[in-house]
$ cat query.pdb   # PDB, C-alpha atoms, pLDDT in the B column
ATOM      1  CA  MET A   1     -14.781   2.582 -11.049  1.00 52.00           C
ATOM      2  CA  ASN A   2     -16.952  -0.511 -10.635  1.00 65.00           C
ATOM      3  CA  ASP A   3     -18.870  -1.789  -7.633  1.00 79.00           C
ATOM      4  CA  PRO A   4     -16.801  -4.676  -6.230  1.00 85.00           C
ATOM      5  CA  ALA A   5     -19.856  -6.111  -4.459  1.00 92.00           C
ATOM      6  CA  PHE A   6     -21.621  -6.545  -7.810  1.00 95.00           C
ATOM      7  CA  ILE A   7     -18.643  -8.344  -9.333  1.00 94.00           C
ATOM      8  CA  ASP A   8     -18.162 -10.554  -6.255  1.00 95.00           C
ATOM      9  CA  THR A   9     -21.852 -11.462  -6.219  1.00 96.00           C
ATOM     10  CA  LEU A  10     -21.860 -12.200  -9.935  1.00 96.00           C
ATOM     11  CA  ARG A  11     -18.715 -14.333  -9.690  1.00 96.00           C
ATOM     12  CA  GLY A  12     -20.146 -16.184  -6.701  1.00 96.00           C
ATOM     13  CA  LEU A  13     -23.406 -16.950  -8.486  1.00 95.00           C
ATOM     14  CA  ALA A  14     -21.526 -18.176 -11.555  1.00 95.00           C
ATOM     15  CA  ALA A  15     -19.160 -20.303  -9.459  1.00 96.00           C
ATOM     16  CA  ARG A  16     -21.947 -21.903  -7.432  1.00 93.00           C
ATOM     17  CA  HIS A  17     -23.684 -22.994 -10.623  1.00 92.00           C
ATOM     18  CA  GLY A  18     -20.581 -23.827 -12.638  1.00 93.00           C
ATOM     19  CA  LEU A  19     -21.275 -21.200 -15.280  1.00 95.00           C
ATOM     20  CA  ASP A  20     -18.695 -20.135 -17.809  1.00 96.00           C
ATOM     21  CA  LYS A  21     -18.506 -16.591 -19.180  1.00 96.00           C
ATOM     22  CA  VAL A  22     -20.894 -17.281 -22.046  1.00 96.00           C
ATOM     23  CA  GLN A  23     -23.523 -18.798 -19.737  1.00 95.00           C
ATOM     24  CA  THR A  24     -23.124 -16.015 -17.178  1.00 96.00           C
ATOM     25  CA  ALA A  25     -23.518 -13.348 -19.849  1.00 96.00           C
ATOM     26  CA  ALA A  26     -26.601 -15.091 -21.246  1.00 95.00           C
ATOM     27  CA  LEU A  27     -28.158 -15.365 -17.787  1.00 95.00           C
ATOM     28  CA  MET A  28     -27.616 -11.638 -17.279  1.00 96.00           C
ATOM     29  CA  GLY A  29     -28.835 -10.796 -20.790  1.00 95.00           C
ATOM     30  CA  VAL A  30     -25.619  -9.107 -21.846  1.00 97.00           C
ATOM     31  CA  SER A  31     -22.817  -9.864 -24.270  1.00 97.00           C
ATOM     32  CA  VAL A  32     -19.613 -11.560 -23.185  1.00 97.00           C
ATOM     33  CA  PHE A  33     -17.901  -8.284 -24.134  1.00 97.00           C
ATOM     34  CA  THR A  34     -19.972  -6.410 -21.525  1.00 97.00           C
ATOM     35  CA  LEU A  35     -19.392  -9.112 -18.913  1.00 97.00           C
ATOM     36  CA  ARG A  36     -15.635  -8.871 -19.449  1.00 96.00           C
ATOM     37  CA  HIS A  37     -15.743  -5.099 -19.054  1.00 95.00           C
ATOM     38  CA  TRP A  38     -17.701  -5.431 -15.806  1.00 94.00           C
ATOM     39  CA  ARG A  39     -15.127  -7.870 -14.467  1.00 92.00           C
ATOM     40  CA  ALA A  40     -12.239  -5.671 -15.585  1.00 92.00           C
ATOM     41  CA  GLY A  41     -13.846  -2.658 -13.944  1.00 89.00           C
ATOM     42  CA  THR A  42     -13.883  -0.616 -17.141  1.00 92.00           C
ATOM     43  CA  ARG A  43     -17.675  -0.524 -17.413  1.00 93.00           C
ATOM     44  CA  ASN A  44     -20.309  -0.131 -14.729  1.00 94.00           C
ATOM     45  CA  PRO A  45     -23.413  -2.303 -14.774  1.00 95.00           C
ATOM     46  CA  THR A  46     -26.700  -0.571 -15.420  1.00 94.00           C
ATOM     47  CA  ALA A  47     -29.204  -0.220 -12.608  1.00 94.00           C
ATOM     48  CA  SER A  48     -31.319  -2.900 -14.267  1.00 96.00           C
ATOM     49  CA  ALA A  49     -28.363  -5.318 -14.313  1.00 96.00           C
ATOM     50  CA  VAL A  50     -27.796  -4.717 -10.604  1.00 95.00           C
ATOM     51  CA  GLN A  51     -31.491  -5.336  -9.920  1.00 96.00           C
ATOM     52  CA  LEU A  52     -31.496  -8.486 -12.059  1.00 97.00           C
ATOM     53  CA  LEU A  53     -28.550  -9.896 -10.138  1.00 97.00           C
ATOM     54  CA  GLU A  54     -30.329  -9.196  -6.853  1.00 96.00           C
ATOM     55  CA  VAL A  55     -33.441 -10.977  -8.142  1.00 96.00           C
ATOM     56  CA  LEU A  56     -31.402 -13.948  -9.385  1.00 96.00           C
ATOM     57  CA  CYS A  57     -29.747 -14.276  -5.969  1.00 95.00           C
ATOM     58  CA  LEU A  58     -33.143 -14.172  -4.291  1.00 95.00           C
ATOM     59  CA  VAL A  59     -34.491 -16.806  -6.688  1.00 95.00           C
ATOM     60  CA  GLU A  60     -31.428 -18.925  -5.950  1.00 93.00           C
ATOM     61  CA  ILE A  61     -32.414 -18.947  -2.283  1.00 94.00           C
ATOM     62  CA  LEU A  62     -36.193 -19.225  -2.577  1.00 95.00           C
ATOM     63  CA  ALA A  63     -36.609 -21.327  -5.707  1.00 94.00           C
ATOM     64  CA  PRO A  64     -33.352 -23.022  -6.718  1.00 91.00           C
ATOM     65  CA  ASP A  65     -35.139 -25.215  -9.269  1.00 92.00           C
ATOM     66  CA  LEU A  66     -36.413 -22.119 -11.020  1.00 93.00           C
ATOM     67  CA  LEU A  67     -32.909 -20.661 -11.232  1.00 90.00           C
ATOM     68  CA  ALA A  68     -31.613 -23.993 -12.551  1.00 88.00           C
ATOM     69  CA  ALA A  69     -34.223 -23.785 -15.303  1.00 92.00           C
ATOM     70  CA  LEU A  70     -33.085 -20.254 -16.194  1.00 89.00           C
ATOM     71  CA  VAL A  71     -29.410 -21.167 -16.496  1.00 85.00           C
ATOM     72  CA  PRO A  72     -28.485 -21.582 -20.165  1.00 83.00           C
ATOM     73  CA  GLU A  73     -26.820 -24.825 -21.219  1.00 79.00           C
TER      74      GLU A  73
END
$ encode --input "query.pdb" --output "structure tokens"
Amino acid sequence: MNDPAFIDTLRGLAARHGLDKVQTAALMGVSVFTLRHWRAGTRNPTASAVQLLEVLCLVEILAPDLLAALVPE
């Protein structure tokens, strides 16, 4: 039901920055409830969530300090 590439990318980004579920959800602008459903495969991310993740991955490469500033504490 869900795009495994999205989930793998999201998990990878969170792991590389040591983010927990609350921080990952905040970075993506969604609730922890939604994040859990994405991971469980019971809810698909919106097109804007997919685009945001792509942008965050690009920022991670091009401007890692900027991404570090965006990561909630």
$ closest_residue --input "query.pdb" --among "A:Gly29, A:Pro4, A:Gly18, A:Gly12" --to "A:Ala49" --atoms "all atoms listed in the file"
A:Gly29
$ resolve_selection --input "query.pdb" --expression "the PyMOL selection byres ((chain A and resi 45) around 9)" --output "list of chain:residue names"
A:Asn2, A:Asp3, A:Phe6, A:Thr34, A:Leu35, A:Trp38, A:Arg43, A:Asn44, A:Thr46, A:Ala47, A:Ser48, A:Ala49, A:Val50
$ write_last_selection --input "query.pdb" --atoms "C-alpha atoms" --output "PDB file, in the coordinates of the input"
ATOM      1  CA  ASN A   2     -16.952  -0.511 -10.635  1.00 65.00           C
ATOM      2  CA  ASP A   3     -18.870  -1.789  -7.633  1.00 79.00           C
ATOM      3  CA  PHE A   6     -21.621  -6.545  -7.810  1.00 95.00           C
ATOM      4  CA  THR A  34     -19.972  -6.410 -21.525  1.00 97.00           C
ATOM      5  CA  LEU A  35     -19.392  -9.112 -18.913  1.00 97.00           C
ATOM      6  CA  TRP A  38     -17.701  -5.431 -15.806  1.00 94.00           C
ATOM      7  CA  ARG A  43     -17.675  -0.524 -17.413  1.00 93.00           C
ATOM      8  CA  ASN A  44     -20.309  -0.131 -14.729  1.00 94.00           C
ATOM      9  CA  THR A  46     -26.700  -0.571 -15.420  1.00 94.00           C
ATOM     10  CA  ALA A  47     -29.204  -0.220 -12.608  1.00 94.00           C
ATOM     11  CA  SER A  48     -31.319  -2.900 -14.267  1.00 96.00           C
ATOM     12  CA  ALA A  49     -28.363  -5.318 -14.313  1.00 96.00           C
ATOM     13  CA  VAL A  50     -27.796  -4.717 -10.604  1.00 95.00           C
TER      14      VAL A  50
END
$ closest_residue --input "query.pdb" --among "A:Leu13, A:Ala5, A:Leu52, A:Val32" --to "A:Pro64" --atoms "all atoms listed in the file"
A:Leu13
$ closest_residue --input "query.pdb" --among "A:Gln51, A:Val59, A:Thr42, A:Thr9" --to "A:Thr24" --atoms "only C-alpha atoms"
A:Thr9
$ atom_distance --input "query.pdb" --atom1 "atom CA of A:His37" --atom2 "atom CA of A:Glu73"
22.7 Å
$ atom_distance --input "query.pdb" --atom1 "atom CA of A:Ala68" --atom2 "atom CA of A:Asp8"
20.0 Å
$ resolve_selection --input "query.pdb" --expression "the PyMOL selection byres ((chain A and resi 22) around 9)" --output "ChimeraX atom specification"
/A:19-21,23-27,31-32,35,72
$ atom_distance --input "query.pdb" --atom1 "atom CA of A:Leu10" --atom2 "atom CA of A:Leu53"
7.1 Å
$ decode --input "query.pdb" --residues "stretch 2-28 of chain A" --atoms "N, CA and C atoms" --output "PDB file, in the first residue's frame"
ATOM      1  N   ASN A   2       1.965   1.235   0.718  1.00  0.00           N
ATOM      2  CA  ASN A   2       2.820   2.404   0.850  1.00  0.00           C
ATOM      3  C   ASN A   2       4.054   2.258  -0.018  1.00  0.00           C
ATOM      4  N   ASP A   3       4.685   3.368  -0.321  1.00  0.00           N
ATOM      5  CA  ASP A   3       5.907   3.369  -1.115  1.00  0.00           C
ATOM      6  C   ASP A   3       7.090   3.033  -0.208  1.00  0.00           C
ATOM      7  N   PRO A   4       7.693   1.860  -0.365  1.00  0.00           N
ATOM      8  CA  PRO A   4       8.805   1.485   0.510  1.00  0.00           C
ATOM      9  C   PRO A   4      10.001   2.431   0.387  1.00  0.00           C
ATOM     10  N   ALA A   5      10.198   3.031  -0.765  1.00  0.00           N
ATOM     11  CA  ALA A   5      11.326   3.949  -0.940  1.00  0.00           C
ATOM     12  C   ALA A   5      11.147   5.170  -0.039  1.00  0.00           C
ATOM     13  N   PHE A   6       9.932   5.663   0.089  1.00  0.00           N
ATOM     14  CA  PHE A   6       9.663   6.803   0.965  1.00  0.00           C
ATOM     15  C   PHE A   6      10.008   6.454   2.406  1.00  0.00           C
ATOM     16  N   ILE A   7       9.530   5.310   2.860  1.00  0.00           N
ATOM     17  CA  ILE A   7       9.762   4.891   4.246  1.00  0.00           C
ATOM     18  C   ILE A   7      11.253   4.665   4.483  1.00  0.00           C
ATOM     19  N   ASP A   8      11.932   4.010   3.557  1.00  0.00           N
ATOM     20  CA  ASP A   8      13.376   3.780   3.709  1.00  0.00           C
ATOM     21  C   ASP A   8      14.144   5.091   3.757  1.00  0.00           C
ATOM     22  N   THR A   9      13.774   6.022   2.905  1.00  0.00           N
ATOM     23  CA  THR A   9      14.440   7.332   2.878  1.00  0.00           C
ATOM     24  C   THR A   9      14.186   8.078   4.177  1.00  0.00           C
ATOM     25  N   LEU A  10      12.959   8.059   4.636  1.00  0.00           N
ATOM     26  CA  LEU A  10      12.605   8.742   5.878  1.00  0.00           C
ATOM     27  C   LEU A  10      13.341   8.122   7.064  1.00  0.00           C
ATOM     28  N   ARG A  11      13.360   6.810   7.136  1.00  0.00           N
ATOM     29  CA  ARG A  11      14.082   6.129   8.222  1.00  0.00           C
ATOM     30  C   ARG A  11      15.571   6.429   8.171  1.00  0.00           C
ATOM     31  N   GLY A  12      16.128   6.452   6.959  1.00  0.00           N
ATOM     32  CA  GLY A  12      17.548   6.750   6.808  1.00  0.00           C
ATOM     33  C   GLY A  12      17.890   8.152   7.271  1.00  0.00           C
ATOM     34  N   LEU A  13      17.077   9.116   6.877  1.00  0.00           N
ATOM     35  CA  LEU A  13      17.290  10.505   7.293  1.00  0.00           C
ATOM     36  C   LEU A  13      17.222  10.614   8.814  1.00  0.00           C
ATOM     37  N   ALA A  14      16.217   9.992   9.404  1.00  0.00           N
ATOM     38  CA  ALA A  14      16.062  10.036  10.861  1.00  0.00           C
ATOM     39  C   ALA A  14      17.241   9.359  11.558  1.00  0.00           C
ATOM     40  N   ALA A  15      17.681   8.231  11.033  1.00  0.00           N
ATOM     41  CA  ALA A  15      18.801   7.506  11.645  1.00  0.00           C
ATOM     42  C   ALA A  15      20.099   8.301  11.552  1.00  0.00           C
ATOM     43  N   ARG A  16      20.338   8.901  10.401  1.00  0.00           N
ATOM     44  CA  ARG A  16      21.587   9.665  10.225  1.00  0.00           C
ATOM     45  C   ARG A  16      21.676  10.857  11.167  1.00  0.00           C
ATOM     46  N   HIS A  17      20.535  11.372  11.577  1.00  0.00           N
ATOM     47  CA  HIS A  17      20.522  12.552  12.443  1.00  0.00           C
ATOM     48  C   HIS A  17      20.082  12.231  13.868  1.00  0.00           C
ATOM     49  N   GLY A  18      19.911  10.950  14.149  1.00  0.00           N
ATOM     50  CA  GLY A  18      19.560  10.525  15.500  1.00  0.00           C
ATOM     51  C   GLY A  18      18.212  11.038  15.976  1.00  0.00           C
ATOM     52  N   LEU A  19      17.250  11.082  15.061  1.00  0.00           N
ATOM     53  CA  LEU A  19      15.930  11.610  15.398  1.00  0.00           C
ATOM     54  C   LEU A  19      15.017  10.510  15.924  1.00  0.00           C
ATOM     55  N   ASP A  20      14.268  10.839  16.958  1.00  0.00           N
ATOM     56  CA  ASP A  20      13.246   9.909  17.420  1.00  0.00           C
ATOM     57  C   ASP A  20      11.960  10.169  16.620  1.00  0.00           C
ATOM     58  N   LYS A  21      10.904   9.441  16.959  1.00  0.00           N
ATOM     59  CA  LYS A  21       9.656   9.583  16.202  1.00  0.00           C
ATOM     60  C   LYS A  21       9.059  10.973  16.323  1.00  0.00           C
ATOM     61  N   VAL A  22       9.131  11.556  17.494  1.00  0.00           N
ATOM     62  CA  VAL A  22       8.560  12.890  17.704  1.00  0.00           C
ATOM     63  C   VAL A  22       9.319  13.919  16.869  1.00  0.00           C
ATOM     64  N   GLN A  23      10.641  13.853  16.874  1.00  0.00           N
ATOM     65  CA  GLN A  23      11.449  14.791  16.098  1.00  0.00           C
ATOM     66  C   GLN A  23      11.238  14.598  14.602  1.00  0.00           C
ATOM     67  N   THR A  24      11.165  13.344  14.167  1.00  0.00           N
ATOM     68  CA  THR A  24      10.950  13.059  12.751  1.00  0.00           C
ATOM     69  C   THR A  24       9.597  13.595  12.296  1.00  0.00           C
ATOM     70  N   ALA A  25       8.576  13.362  13.089  1.00  0.00           N
ATOM     71  CA  ALA A  25       7.242  13.870  12.756  1.00  0.00           C
ATOM     72  C   ALA A  25       7.246  15.393  12.688  1.00  0.00           C
ATOM     73  N   ALA A  26       7.905  16.031  13.643  1.00  0.00           N
ATOM     74  CA  ALA A  26       7.958  17.500  13.655  1.00  0.00           C
ATOM     75  C   ALA A  26       8.699  18.030  12.431  1.00  0.00           C
ATOM     76  N   LEU A  27       9.784  17.381  12.063  1.00  0.00           N
ATOM     77  CA  LEU A  27      10.544  17.800  10.883  1.00  0.00           C
ATOM     78  C   LEU A  27       9.688  17.697   9.623  1.00  0.00           C
ATOM     79  N   MET A  28       8.862  16.671   9.557  1.00  0.00           N
ATOM     80  CA  MET A  28       7.993  16.472   8.398  1.00  0.00           C
ATOM     81  C   MET A  28       6.691  17.267   8.495  1.00  0.00           C
TER      82      MET A  28
END
